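A.B. asks: So here's run-v8.pdb (PDB, C-alpha atoms, pLDDT in the B column).
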```
ATOM      1  CA  MET A   1     -15.830  23.279 -18.798  1.00 45.00           C
ATOM      2  CA  SER A   2     -19.002  24.441 -20.579  1.00 43.00           C
ATOM      3  CA  SER A   3     -19.979  23.264 -24.048  1.00 41.00           C
ATOM      4  CA  HIS A   4     -18.834  26.653 -25.419  1.00 46.00           C
ATOM      5  CA  GLU A   5     -15.320  26.444 -23.989  1.00 57.00           C
ATOM      6  CA  LYS A   6     -12.518  25.056 -26.099  1.00 58.00           C
ATOM      7  CA  PRO A   7     -10.428  22.353 -24.394  1.00 67.00           C
ATOM      8  CA  SER A   8      -6.937  23.518 -23.470  1.00 91.00           C
ATOM      9  CA  GLN A   9      -3.923  21.896 -25.116  1.00 94.00           C
ATOM     10  CA  ALA A  10      -3.207  20.034 -21.878  1.00 93.00           C
ATOM     11  CA  GLU A  11      -6.777  18.732 -21.633  1.00 94.00           C
ATOM     12  CA  THR A  12      -6.606  17.482 -25.203  1.00 94.00           C
ATOM     13  CA  LEU A  13      -3.337  15.692 -24.496  1.00 95.00           C
ATOM     14  CA  VAL A  14      -4.818  14.055 -21.401  1.00 95.00           C
ATOM     15  CA  LYS A  15      -7.881  12.866 -23.310  1.00 95.00           C
ATOM     16  CA  GLU A  16      -5.732  11.405 -26.074  1.00 96.00           C
ATOM     17  CA  GLY A  17      -3.422   9.839 -23.491  1.00 95.00           C
ATOM     18  CA  HIS A  18      -6.251   7.993 -21.776  1.00 95.00           C
ATOM     19  CA  ALA A  19      -7.505   6.725 -25.154  1.00 96.00           C
ATOM     20  CA  LEU A  20      -4.034   5.407 -25.954  1.00 95.00           C
ATOM     21  CA  MET A  21      -3.768   3.739 -22.558  1.00 92.00           C
ATOM     22  CA  LYS A  22      -7.103   2.046 -23.131  1.00 93.00           C
ATOM     23  CA  ALA A  23      -5.746   0.773 -26.445  1.00 95.00           C
ATOM     24  CA  GLY A  24      -2.637  -0.547 -24.715  1.00 92.00           C
ATOM     25  CA  ASN A  25      -0.212   1.962 -26.237  1.00 95.00           C
ATOM     26  CA  HIS A  26       1.557   2.894 -23.010  1.00 95.00           C
ATOM     27  CA  GLU A  27       4.618   4.518 -24.554  1.00 95.00           C
ATOM     28  CA  LYS A  28       2.715   7.015 -26.687  1.00 96.00           C
ATOM     29  CA  ALA A  29       0.361   7.708 -23.806  1.00 96.00           C
ATOM     30  CA  LEU A  30       3.328   8.306 -21.524  1.00 96.00           C
ATOM     31  CA  SER A  31       4.734  11.027 -23.772  1.00 96.00           C
ATOM     32  CA  LEU A  32       1.359  12.799 -23.870  1.00 96.00           C
ATOM     33  CA  PHE A  33       0.874  12.730 -20.102  1.00 96.00           C
ATOM     34  CA  LEU A  34       4.413  14.038 -19.588  1.00 96.00           C
ATOM     35  CA  GLU A  35       3.733  16.849 -22.046  1.00 95.00           C
ATOM     36  CA  ALA A  36       0.455  17.677 -20.306  1.00 96.00           C
ATOM     37  CA  ALA A  37       2.190  17.717 -16.913  1.00 96.00           C
ATOM     38  CA  ASP A  38       4.764  20.167 -18.289  1.00 96.00           C
ATOM     39  CA  LEU A  39       2.019  22.464 -19.542  1.00 95.00           C
ATOM     40  CA  TYR A  40       0.237  22.394 -16.179  1.00 95.00           C
ATOM     41  CA  GLU A  41       3.547  23.147 -14.464  1.00 95.00           C
ATOM     42  CA  LYS A  42       4.050  26.217 -16.672  1.00 95.00           C
ATOM     43  CA  ASP A  43       0.566  27.370 -15.674  1.00 95.00           C
ATOM     44  CA  SER A  44       1.402  26.748 -11.978  1.00 95.00           C
ATOM     45  CA  ASN A  45      -1.503  24.303 -11.863  1.00 96.00           C
ATOM     46  CA  LEU A  46      -0.004  21.982  -9.265  1.00 96.00           C
ATOM     47  CA  LYS A  47      -3.139  19.881  -8.788  1.00 95.00           C
ATOM     48  CA  ASP A  48      -3.485  18.894 -12.449  1.00 95.00           C
ATOM     49  CA  GLN A  49       0.275  18.529 -12.799  1.00 96.00           C
ATOM     50  CA  ALA A  50       0.221  16.027  -9.931  1.00 96.00           C
ATOM     51  CA  ALA A  51      -2.756  14.213 -11.470  1.00 96.00           C
ATOM     52  CA  GLN A  52      -0.922  13.640 -14.754  1.00 96.00           C
ATOM     53  CA  LEU A  53       2.266  12.581 -13.011  1.00 97.00           C
ATOM     54  CA  GLN A  54       0.266   9.995 -11.095  1.00 95.00           C
ATOM     55  CA  VAL A  55      -0.744   8.460 -14.418  1.00 96.00           C
ATOM     56  CA  VAL A  56       2.895   8.644 -15.527  1.00 96.00           C
ATOM     57  CA  SER A  57       4.004   6.773 -12.400  1.00 96.00           C
ATOM     58  CA  GLU A  58       1.314   4.153 -13.011  1.00 94.00           C
ATOM     59  CA  ILE A  59       2.567   3.599 -16.569  1.00 96.00           C
ATOM     60  CA  TYR A  60       6.109   3.205 -15.262  1.00 95.00           C
ATOM     61  CA  ARG A  61       4.827   0.695 -12.707  1.00 93.00           C
ATOM     62  CA  LEU A  62       2.856  -1.263 -15.286  1.00 93.00           C
ATOM     63  CA  THR A  63       5.913  -1.447 -17.539  1.00 94.00           C
ATOM     64  CA  ASN A  64       8.217  -2.523 -14.670  1.00 93.00           C
ATOM     65  CA  ARG A  65      10.253   0.681 -14.603  1.00 95.00           C
ATOM     66  CA  PHE A  66      10.104   0.879 -10.837  1.00 93.00           C
ATOM     67  CA  ASP A  67      12.997   3.325 -10.430  1.00 94.00           C
ATOM     68  CA  ARG A  68      11.291   5.848 -12.673  1.00 95.00           C
ATOM     69  CA  ALA A  69       7.975   5.281 -10.928  1.00 95.00           C
ATOM     70  CA  ILE A  70       9.593   5.946  -7.555  1.00 94.00           C
ATOM     71  CA  ASP A  71      11.334   9.087  -8.837  1.00 95.00           C
ATOM     72  CA  THR A  72       8.007  10.336 -10.177  1.00 96.00           C
ATOM     73  CA  TYR A  73       6.280   9.626  -6.867  1.00 95.00           C
ATOM     74  CA  LYS A  74       8.913  11.796  -5.159  1.00 94.00           C
ATOM     75  CA  VAL A  75       8.012  14.709  -7.439  1.00 96.00           C
ATOM     76  CA  ILE A  76       4.303  14.157  -6.807  1.00 96.00           C
ATOM     77  CA  ALA A  77       4.862  14.064  -3.053  1.00 94.00           C
ATOM     78  CA  LYS A  78       6.520  17.495  -3.189  1.00 94.00           C
ATOM     79  CA  LEU A  79       3.564  18.851  -5.160  1.00 96.00           C
ATOM     80  CA  PHE A  80       1.030  17.540  -2.654  1.00 95.00           C
ATOM     81  CA  GLU A  81       3.170  18.917   0.158  1.00 92.00           C
ATOM     82  CA  GLN A  82       2.905  22.357  -1.449  1.00 94.00           C
ATOM     83  CA  LEU A  83      -0.843  21.865  -1.842  1.00 95.00           C
ATOM     84  CA  GLY A  84      -1.183  20.793   1.794  1.00 92.00           C
ATOM     85  CA  ASP A  85      -3.119  17.682   0.751  1.00 93.00           C
ATOM     86  CA  ASP A  86      -2.453  15.172   3.546  1.00 92.00           C
ATOM     87  CA  GLU A  87      -4.769  12.465   2.185  1.00 93.00           C
ATOM     88  CA  ALA A  88      -3.107  12.541  -1.231  1.00 94.00           C
ATOM     89  CA  MET A  89       0.318  12.513   0.430  1.00 94.00           C
ATOM     90  CA  ILE A  90      -0.629   9.370   2.335  1.00 96.00           C
ATOM     91  CA  ARG A  91      -1.624   7.585  -0.880  1.00 95.00           C
ATOM     92  CA  ILE A  92       1.536   8.613  -2.723  1.00 96.00           C
ATOM     93  CA  LEU A  93       3.858   7.709   0.145  1.00 96.00           C
ATOM     94  CA  ASN A  94       2.055   4.378   0.486  1.00 96.00           C
ATOM     95  CA  ASN A  95       2.430   3.581  -3.217  1.00 95.00           C
ATOM     96  CA  MET A  96       6.063   4.660  -3.246  1.00 95.00           C
ATOM     97  CA  GLY A  97       6.774   2.532  -0.185  1.00 96.00           C
ATOM     98  CA  LEU A  98       5.130  -0.524  -1.710  1.00 96.00           C
ATOM     99  CA  LEU A  99       7.228  -0.163  -4.877  1.00 94.00           C
ATOM    100  CA  GLN A 100      10.398   0.245  -2.859  1.00 95.00           C
ATOM    101  CA  ALA A 101       9.528  -2.855  -0.850  1.00 95.00           C
ATOM    102  CA  MET A 102       8.935  -4.782  -4.087  1.00 92.00           C
ATOM    103  CA  SER A 103      12.389  -3.625  -5.202  1.00 92.00           C
ATOM    104  CA  GLY A 104      13.969  -4.854  -1.967  1.00 93.00           C
ATOM    105  CA  ARG A 105      14.598  -1.352  -0.635  1.00 94.00           C
ATOM    106  CA  PHE A 106      13.092  -2.053   2.742  1.00 96.00           C
ATOM    107  CA  HIS A 107      14.690   0.825   4.628  1.00 96.00           C
ATOM    108  CA  GLU A 108      13.414   3.332   2.061  1.00 96.00           C
ATOM    109  CA  ALA A 109      10.001   1.653   2.110  1.00 97.00           C
ATOM    110  CA  LEU A 110       9.873   1.876   5.892  1.00 97.00           C
ATOM    111  CA  ASP A 111      10.681   5.583   5.730  1.00 97.00           C
ATOM    112  CA  CYS A 112       7.767   6.151   3.317  1.00 97.00           C
ATOM    113  CA  PHE A 113       5.352   4.178   5.485  1.00 98.00           C
ATOM    114  CA  GLN A 114       6.442   6.090   8.584  1.00 97.00           C
ATOM    115  CA  LYS A 115       5.880   9.431   6.851  1.00 96.00           C
ATOM    116  CA  ALA A 116       2.479   8.254   5.589  1.00 97.00           C
ATOM    117  CA  TYR A 117       1.596   7.178   9.141  1.00 97.00           C
ATOM    118  CA  SER A 118       2.567  10.595  10.511  1.00 96.00           C
ATOM    119  CA  ASN A 119       0.308  12.289   7.959  1.00 94.00           C
ATOM    120  CA  ALA A 120      -2.562   9.949   8.819  1.00 96.00           C
ATOM    121  CA  GLU A 121      -2.027  10.484  12.541  1.00 96.00           C
ATOM    122  CA  ARG A 122      -2.076  14.258  12.087  1.00 94.00           C
ATOM    123  CA  ILE A 123      -5.524  14.159  10.464  1.00 94.00           C
ATOM    124  CA  VAL A 124      -6.727  11.310  12.737  1.00 96.00           C
ATOM    125  CA  ASP A 125      -7.319   8.922   9.840  1.00 97.00           C
ATOM    126  CA  LYS A 126      -7.466   5.617  11.701  1.00 97.00           C
ATOM    127  CA  LEU A 127      -7.813   3.481   8.583  1.00 97.00           C
ATOM    128  CA  HIS A 128      -4.629   4.793   7.001  1.00 97.00           C
ATOM    129  CA  MET A 129      -2.879   4.732  10.363  1.00 98.00           C
ATOM    130  CA  ALA A 130      -3.680   1.025  10.626  1.00 98.00           C
ATOM    131  CA  GLN A 131      -2.657   0.339   7.040  1.00 98.00           C
ATOM    132  CA  GLN A 132       0.700   2.052   7.463  1.00 98.00           C
ATOM    133  CA  LEU A 133       1.395   0.262  10.739  1.00 98.00           C
ATOM    134  CA  GLY A 134       0.751  -2.986   8.901  1.00 98.00           C
ATOM    135  CA  ASN A 135       3.055  -1.877   6.092  1.00 98.00           C
ATOM    136  CA  MET A 136       5.740  -0.938   8.589  1.00 98.00           C
ATOM    137  CA  GLY A 137       5.349  -4.320  10.224  1.00 98.00           C
ATOM    138  CA  SER A 138       5.837  -6.101   6.916  1.00 97.00           C
ATOM    139  CA  ALA A 139       8.883  -3.991   6.010  1.00 97.00           C
ATOM    140  CA  CYS A 140      10.441  -4.810   9.391  1.00 97.00           C
ATOM    141  CA  ARG A 141       9.514  -8.480   8.908  1.00 97.00           C
ATOM    142  CA  ASP A 142      11.268  -8.537   5.534  1.00 96.00           C
ATOM    143  CA  MET A 143      14.339  -7.006   7.191  1.00 96.00           C
ATOM    144  CA  LYS A 144      14.067  -9.782   9.802  1.00 96.00           C
ATOM    145  CA  ASP A 145      13.540  -7.228  12.572  1.00 97.00           C
ATOM    146  CA  TYR A 146      10.853  -9.414  14.106  1.00 98.00           C
ATOM    147  CA  LYS A 147      10.604  -7.459  17.355  1.00 98.00           C
ATOM    148  CA  LYS A 148       9.760  -4.228  15.544  1.00 98.00           C
ATOM    149  CA  ALA A 149       7.490  -6.064  13.112  1.00 98.00           C
ATOM    150  CA  LEU A 150       5.490  -7.496  15.996  1.00 98.00           C
ATOM    151  CA  GLU A 151       5.198  -4.083  17.653  1.00 98.00           C
ATOM    152  CA  ASN A 152       3.733  -2.562  14.499  1.00 98.00           C
ATOM    153  CA  TYR A 153       1.320  -5.420  13.858  1.00 98.00           C
ATOM    154  CA  GLU A 154       0.134  -5.254  17.461  1.00 98.00           C
ATOM    155  CA  LYS A 155      -0.530  -1.518  17.087  1.00 98.00           C
ATOM    156  CA  ALA A 156      -2.418  -2.013  13.815  1.00 98.00           C
ATOM    157  CA  LEU A 157      -4.734  -4.711  15.175  1.00 98.00           C
ATOM    158  CA  PRO A 158      -6.710  -2.623  17.726  1.00 98.00           C
ATOM    159  CA  LEU A 159      -7.246   0.110  15.151  1.00 98.00           C
ATOM    160  CA  TYR A 160      -8.804  -2.405  12.768  1.00 98.00           C
ATOM    161  CA  GLU A 161     -10.881  -3.758  15.656  1.00 98.00           C
ATOM    162  CA  VAL A 162     -12.238  -0.264  16.354  1.00 97.00           C
ATOM    163  CA  LEU A 163     -12.997   0.136  12.657  1.00 98.00           C
ATOM    164  CA  GLY A 164     -14.615  -3.305  12.557  1.00 97.00           C
ATOM    165  CA  ILE A 165     -12.790  -4.450   9.406  1.00 98.00           C
ATOM    166  CA  GLN A 166     -12.924  -8.187   9.891  1.00 98.00           C
ATOM    167  CA  GLU A 167     -10.565  -9.369   7.163  1.00 97.00           C
ATOM    168  CA  ALA A 168      -7.926  -6.859   8.256  1.00 98.00           C
ATOM    169  CA  ILE A 169      -8.335  -8.093  11.836  1.00 98.00           C
ATOM    170  CA  ALA A 170      -7.690 -11.640  10.646  1.00 98.00           C
ATOM    171  CA  ASP A 171      -4.766 -10.526   8.477  1.00 98.00           C
ATOM    172  CA  GLN A 172      -3.065  -8.787  11.388  1.00 98.00           C
ATOM    173  CA  SER A 173      -3.688 -11.796  13.627  1.00 98.00           C
ATOM    174  CA  THR A 174      -2.043 -13.955  10.969  1.00 98.00           C
ATOM    175  CA  ASN A 175       0.884 -11.546  10.738  1.00 98.00           C
ATOM    176  CA  ILE A 176       1.317 -11.697  14.499  1.00 98.00           C
ATOM    177  CA  ALA A 177       1.127 -15.490  14.377  1.00 98.00           C
ATOM    178  CA  TYR A 178       3.817 -15.604  11.697  1.00 98.00           C
ATOM    179  CA  ILE A 179       6.222 -13.541  13.792  1.00 98.00           C
ATOM    180  CA  HIS A 180       5.662 -15.774  16.822  1.00 98.00           C
ATOM    181  CA  ALA A 181       6.312 -18.806  14.616  1.00 97.00           C
ATOM    182  CA  MET A 182       9.529 -17.301  13.261  1.00 97.00           C
ATOM    183  CA  GLU A 183      10.650 -16.637  16.834  1.00 97.00           C
ATOM    184  CA  ASP A 184       9.846 -20.270  17.726  1.00 96.00           C
ATOM    185  CA  ARG A 185       6.946 -19.370  20.000  1.00 97.00           C
ATOM    186  CA  LYS A 186       4.768 -22.135  18.625  1.00 97.00           C
ATOM    187  CA  GLU A 187       1.943 -21.998  21.164  1.00 97.00           C
ATOM    188  CA  GLU A 188       1.491 -18.249  20.720  1.00 97.00           C
ATOM    189  CA  ALA A 189       1.594 -18.648  16.952  1.00 98.00           C
ATOM    190  CA  LEU A 190      -1.013 -21.402  17.090  1.00 97.00           C
ATOM    191  CA  SER A 191      -3.297 -19.280  19.252  1.00 97.00           C
ATOM    192  CA  TRP A 192      -3.151 -16.353  16.842  1.00 98.00           C
ATOM    193  CA  TYR A 193      -3.753 -18.509  13.763  1.00 98.00           C
ATOM    194  CA  GLN A 194      -6.754 -20.027  15.546  1.00 97.00           C
ATOM    195  CA  ARG A 195      -8.139 -16.522  16.081  1.00 97.00           C
ATOM    196  CA  SER A 196      -7.939 -15.658  12.411  1.00 98.00           C
ATOM    197  CA  LEU A 197      -9.320 -18.900  10.948  1.00 98.00           C
ATOM    198  CA  PRO A 198     -13.008 -18.440  11.956  1.00 97.00           C
ATOM    199  CA  ILE A 199     -12.976 -14.956  10.448  1.00 98.00           C
ATOM    200  CA  TYR A 200     -11.604 -16.180   7.124  1.00 98.00           C
ATOM    201  CA  LEU A 201     -14.137 -19.015   7.090  1.00 97.00           C
ATOM    202  CA  ASP A 202     -16.985 -16.636   7.887  1.00 97.00           C
ATOM    203  CA  LEU A 203     -15.854 -14.271   5.107  1.00 97.00           C
ATOM    204  CA  LYS A 204     -15.436 -17.216   2.710  1.00 97.00           C
ATOM    205  CA  SER A 205     -11.833 -16.155   2.108  1.00 97.00           C
ATOM    206  CA  GLU A 206     -10.897 -19.638   0.936  1.00 96.00           C
ATOM    207  CA  GLU A 207      -7.228 -19.156   0.062  1.00 97.00           C
ATOM    208  CA  LYS A 208      -6.409 -17.445   3.338  1.00 97.00           C
ATOM    209  CA  ALA A 209      -8.421 -20.034   5.253  1.00 97.00           C
ATOM    210  CA  ARG A 210      -6.459 -22.879   3.602  1.00 97.00           C
ATOM    211  CA  TYR A 211      -3.160 -21.195   4.378  1.00 97.00           C
ATOM    212  CA  THR A 212      -4.184 -20.691   7.998  1.00 98.00           C
ATOM    213  CA  GLU A 213      -5.498 -24.248   8.389  1.00 97.00           C
ATOM    214  CA  GLN A 214      -2.198 -25.603   7.067  1.00 97.00           C
ATOM    215  CA  ASN A 215      -0.218 -23.492   9.510  1.00 97.00           C
ATOM    216  CA  ILE A 216      -2.435 -24.621  12.367  1.00 97.00           C
ATOM    217  CA  GLN A 217      -1.906 -28.245  11.379  1.00 96.00           C
ATOM    218  CA  ASN A 218       1.869 -27.789  11.116  1.00 96.00           C
ATOM    219  CA  LEU A 219       2.057 -26.185  14.535  1.00 97.00           C
ATOM    220  CA  GLN A 220      -0.170 -28.817  16.116  1.00 96.00           C
ATOM    221  CA  ASP A 221       2.042 -31.538  14.653  1.00 95.00           C
ATOM    222  CA  ALA A 222       5.158 -29.785  15.988  1.00 94.00           C
ATOM    223  CA  LEU A 223       3.573 -29.455  19.417  1.00 93.00           C
ATOM    224  CA  GLY A 224       2.278 -33.037  19.410  1.00 91.00           C
ATOM    225  CA  ILE A 225      -1.347 -31.916  19.600  1.00 86.00           C
ATOM    226  CA  SER A 226      -3.907 -34.409  18.352  1.00 76.00           C
ATOM    227  CA  ASN A 227      -6.992 -33.285  16.460  1.00 68.00           C
ATOM    228  CA  VAL A 228      -8.987 -36.187  17.836  1.00 52.00           C
TER     229      VAL A 228
END
```
Here is the file; what I need is its structure written in the form of structure tokens.
C.D. replies:
Amino acid sequence: MSSHEKPSQAETLVKEGHALMKAGNHEKALSLFLEAADLYEKDSNLKDQAAQLQVVSEIYRLTNRFDRAIDTYKVIAKLFEQLGDDEAMIRILNNMGLLQAMSGRFHEALDCFQKAYSNAERIVDKLHMAQQLGNMGSACRDMKDYKKALENYEKALPLYEVLGIQEAIADQSTNIAYIHAMEDRKEEALSWYQRSLPIYLDLKSEEKARYTEQNIQNLQDALGISNV
């Protein structure tokens, strides 16, 4: 917009909404973003409508109205589907899945992660493919489907290795270790925790390193392995 153009009503509402959010007035901001989204919808401006609804879903999330956030994500997903924006679809499906998982809706979360993975696979986005495989693994883990969880974690790991993301490599190794431990495969679990520990130490990821060291110690004690 040039300096000679007058802001549209929707643009004014968005500007005021962001100012209110910055001031911590989420409810008033919410009404303005919803109004702006309605105006963009009337103008068939799907991109800006989706942008405002993303802020709406974030406000719902911040104020613990997860059901409304999820419902809003569903609307946004349909808009991005119409726009043919695969990358945006991946982000929305990911966020919706994470909220559903937080709400204990693991089957619904898994469905979102699977759809996000399919979108990432279609555009050969290895990072998001790996992230969604990890998400799928965690959803299956929370449903106590350890076999499927392990399969997803094991598929995510080589993608992160190709990408060279060290912390994610360690995280997936830890996830794999956890599944082996839950299935009472102590030696395999120990081996995987031992793979992740040097990475966490090298990255100075202190909390994760402590957690891993404790798990290593517990497994060594269970296996009767001396540190001496």
A.B. asks: Restricting the calculation to all atoms listed in the file, which member of A:Leu53, A:Leu150, A:Ile199, A:Leu62 is positioned closest to Met21 (chain A)?
C.D. replies: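 Ranking A:Leu53, A:Leu150, A:Ile199, A:Leu62 by distance to Met21 (chain A), first place goes to A:Leu62.
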A.B. asks: Please determine, counting all atoms listed in the file, which residue among A:Met96, A:Cys140, A:Met89, A:Val14 has the shortest atom-to-atom distance to Ala120 (chain A).
C.D. replies: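 Checking each candidate against Ala120 (chain A), we get A:Met89 as the closest.
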A.B. asks: Within 10 Å of region 73-77 of chain A, counting all atoms listed in the file, which residues show up once you throw out same-chain ones fewer than 5 positions away? Write them as a PyMOL selection string, please.
C.D. replies: chain A and resi 46-47+49-54+56-58+67-68+82-83+85-86+88-97
A.B. asks: Limited to C-alpha atoms, could you put the picked residues into a file as a compact mmCIF listing (two decimals), in the coordinates of the input?
C.D. replies:
```txt
# COMPACT_ATOMS: atom_id res chain seq x y z
CA LEU A 46 0.00 21.98 -9.26
CA LYS A 47 -3.14 19.88 -8.79
CA GLN A 49 0.28 18.53 -12.80
CA ALA A 50 0.22 16.03 -9.93
CA ALA A 51 -2.76 14.21 -11.47
CA GLN A 52 -0.92 13.64 -14.75
CA LEU A 53 2.27 12.58 -13.01
CA GLN A 54 0.27 9.99 -11.10
CA VAL A 56 2.90 8.64 -15.53
CA SER A 57 4.00 6.77 -12.40
CA GLU A 58 1.31 4.15 -13.01
CA ASP A 67 13.00 3.32 -10.43
CA ARG A 68 11.29 5.85 -12.67
CA GLN A 82 2.90 22.36 -1.45
CA LEU A 83 -0.84 21.86 -1.84
CA ASP A 85 -3.12 17.68 0.75
CA ASP A 86 -2.45 15.17 3.55
CA ALA A 88 -3.11 12.54 -1.23
CA MET A 89 0.32 12.51 0.43
CA ILE A 90 -0.63 9.37 2.34
CA ARG A 91 -1.62 7.58 -0.88
CA ILE A 92 1.54 8.61 -2.72
CA LEU A 93 3.86 7.71 0.14
CA ASN A 94 2.06 4.38 0.49
CA ASN A 95 2.43 3.58 -3.22
CA MET A 96 6.06 4.66 -3.25
CA GLY A 97 6.77 2.53 -0.18
```
A.B. asks: Excluding region 203-207 of chain A and any residue of its chain fewer than 6 positions from it, enumerate the residues within 10 Å of it, using all atoms listed in the file, and give them as a list in words.
C.D. replies: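 So the residues in contact are Gln166, Glu167, Leu197 and Glu213 of chain A.
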A.B. asks: Work out how far CA of Asn175 (chain A) is from CA of Tyr200 (chain A), in Å to one decimal.
C.D. replies: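 Between these atoms lies a distance of 13.8 Å.
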A.B. asks: Take the point (3.7, -21.0, 16.7) as written in the file and pick out every residue within 12 Å of it, counting only C-alpha atoms; give the list as JSON, numbers by chain.
C.D. replies: {"A": [174, 175, 176, 177, 178, 179, 180, 181, 182, 183, 184, 185, 186, 187, 188, 189, 190, 191, 192, 193, 194, 212, 215, 216, 217, 218, 219, 220, 221, 222, 223]}
A.B. asks: CA of Leu30 (chain A) and CA of Ile59 (chain A) are how many Å apart?
C.D. replies: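 According to the coordinates, CA of Leu30 (chain A) and CA of Ile59 (chain A) are separated by 6.9 Å.
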A.B. asks: For region 171-179 of chain A, what centre and edge lengths in Å (one decimal) does the axis-aligned box get once 4 Å is added on each side of all its listed atoms, as lines of an AutoDock Vina configuration file?
C.D. replies:
```
center_x = 0.7
center_y = -12.2
center_z = 11.5
size_x = 19.0
size_y = 14.8
size_z = 14.0
```
A.B. asks: Give as a list in words the residues that the PyMOL selection byres ((chain A and resi 99) around 9) matches when applied to the coordinates above.
C.D. replies: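 Given this file, the PyMOL selection byres ((chain A and resi 99) around 9) evaluates to Arg61, Phe66, Asp67, Ala69, Ile70, Asn94, Asn95, Met96, Gly97, Leu98, Gln100, Ala101, Met102, Ser103, Gly104, Arg105 and Ala109 of chain A.
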A.B. asks: Considering all atoms listed in the file, can you say which of A:Ala139, A:Leu133, A:Ala168, A:Ala209 comes closest to Glu151 (chain A)?
C.D. replies: A:Leu133
A.B. asks: In terms of the shortest atom-to-atom distance over all atoms listed in the file, which of A:Glu161, A:Ile123, A:Gln172, A:Leu20 is closest to Ala149 (chain A)?
C.D. replies: A:Gln172
A.B. asks: Which residue out of A:Leu13, A:Leu39, A:Ala29, A:Ile225 has the minimum interatomic distance to Tyr60 (chain A) when only C-alpha atoms are used?
C.D. replies: A:Ala29
A.B. asks: Quick one, how far is CA of Tyr117 (chain A) from CA of Met129 (chain A)?
C.D. replies: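 A separation of 5.2 Å between them.
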A.B. asks: Residues at most 9 Å from Lys148 (chain A), counting all atoms listed in the file, excluding those fewer than 6 positions away in the same chain, as a PyMOL selection string?
C.D. replies: chain A and resi 136-137+140-141
A.B. asks: Using only C-alpha atoms, find the one residue out of A:Asn25, A:Asn64, A:Ser118, A:Asn135 that sits nearest to Glu87 (chain A).
C.D. replies: A:Ser118
A.B. asks: Show me the residues close to (-3.5, -6.8, 17.7) - anything with an atom within 8 Å, counting all atoms listed in the file - and format the list as a ChimeraX atom specification.
C.D. replies: /A:153-158,169,172-173,176
A.B. asks: Write the residues of the preceding selection, restricted to C-alpha atoms, as a PDB file, keeping the file's coordinate frame.
C.D. replies:
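Generated file (out-v5.pdb):
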```
ATOM      1  CA  TYR A 153       1.320  -5.420  13.858  1.00 98.00           C
ATOM      2  CA  GLU A 154       0.134  -5.254  17.461  1.00 98.00           C
ATOM      3  CA  LYS A 155      -0.530  -1.518  17.087  1.00 98.00           C
ATOM      4  CA  ALA A 156      -2.418  -2.013  13.815  1.00 98.00           C
ATOM      5  CA  LEU A 157      -4.734  -4.711  15.175  1.00 98.00           C
ATOM      6  CA  PRO A 158      -6.710  -2.623  17.726  1.00 98.00           C
ATOM      7  CA  ILE A 169      -8.335  -8.093  11.836  1.00 98.00           C
ATOM      8  CA  GLN A 172      -3.065  -8.787  11.388  1.00 98.00           C
ATOM      9  CA  SER A 173      -3.688 -11.796  13.627  1.00 98.00           C
ATOM     10  CA  ILE A 176       1.317 -11.697  14.499  1.00 98.00           C
TER      11      ILE A 176
END
```
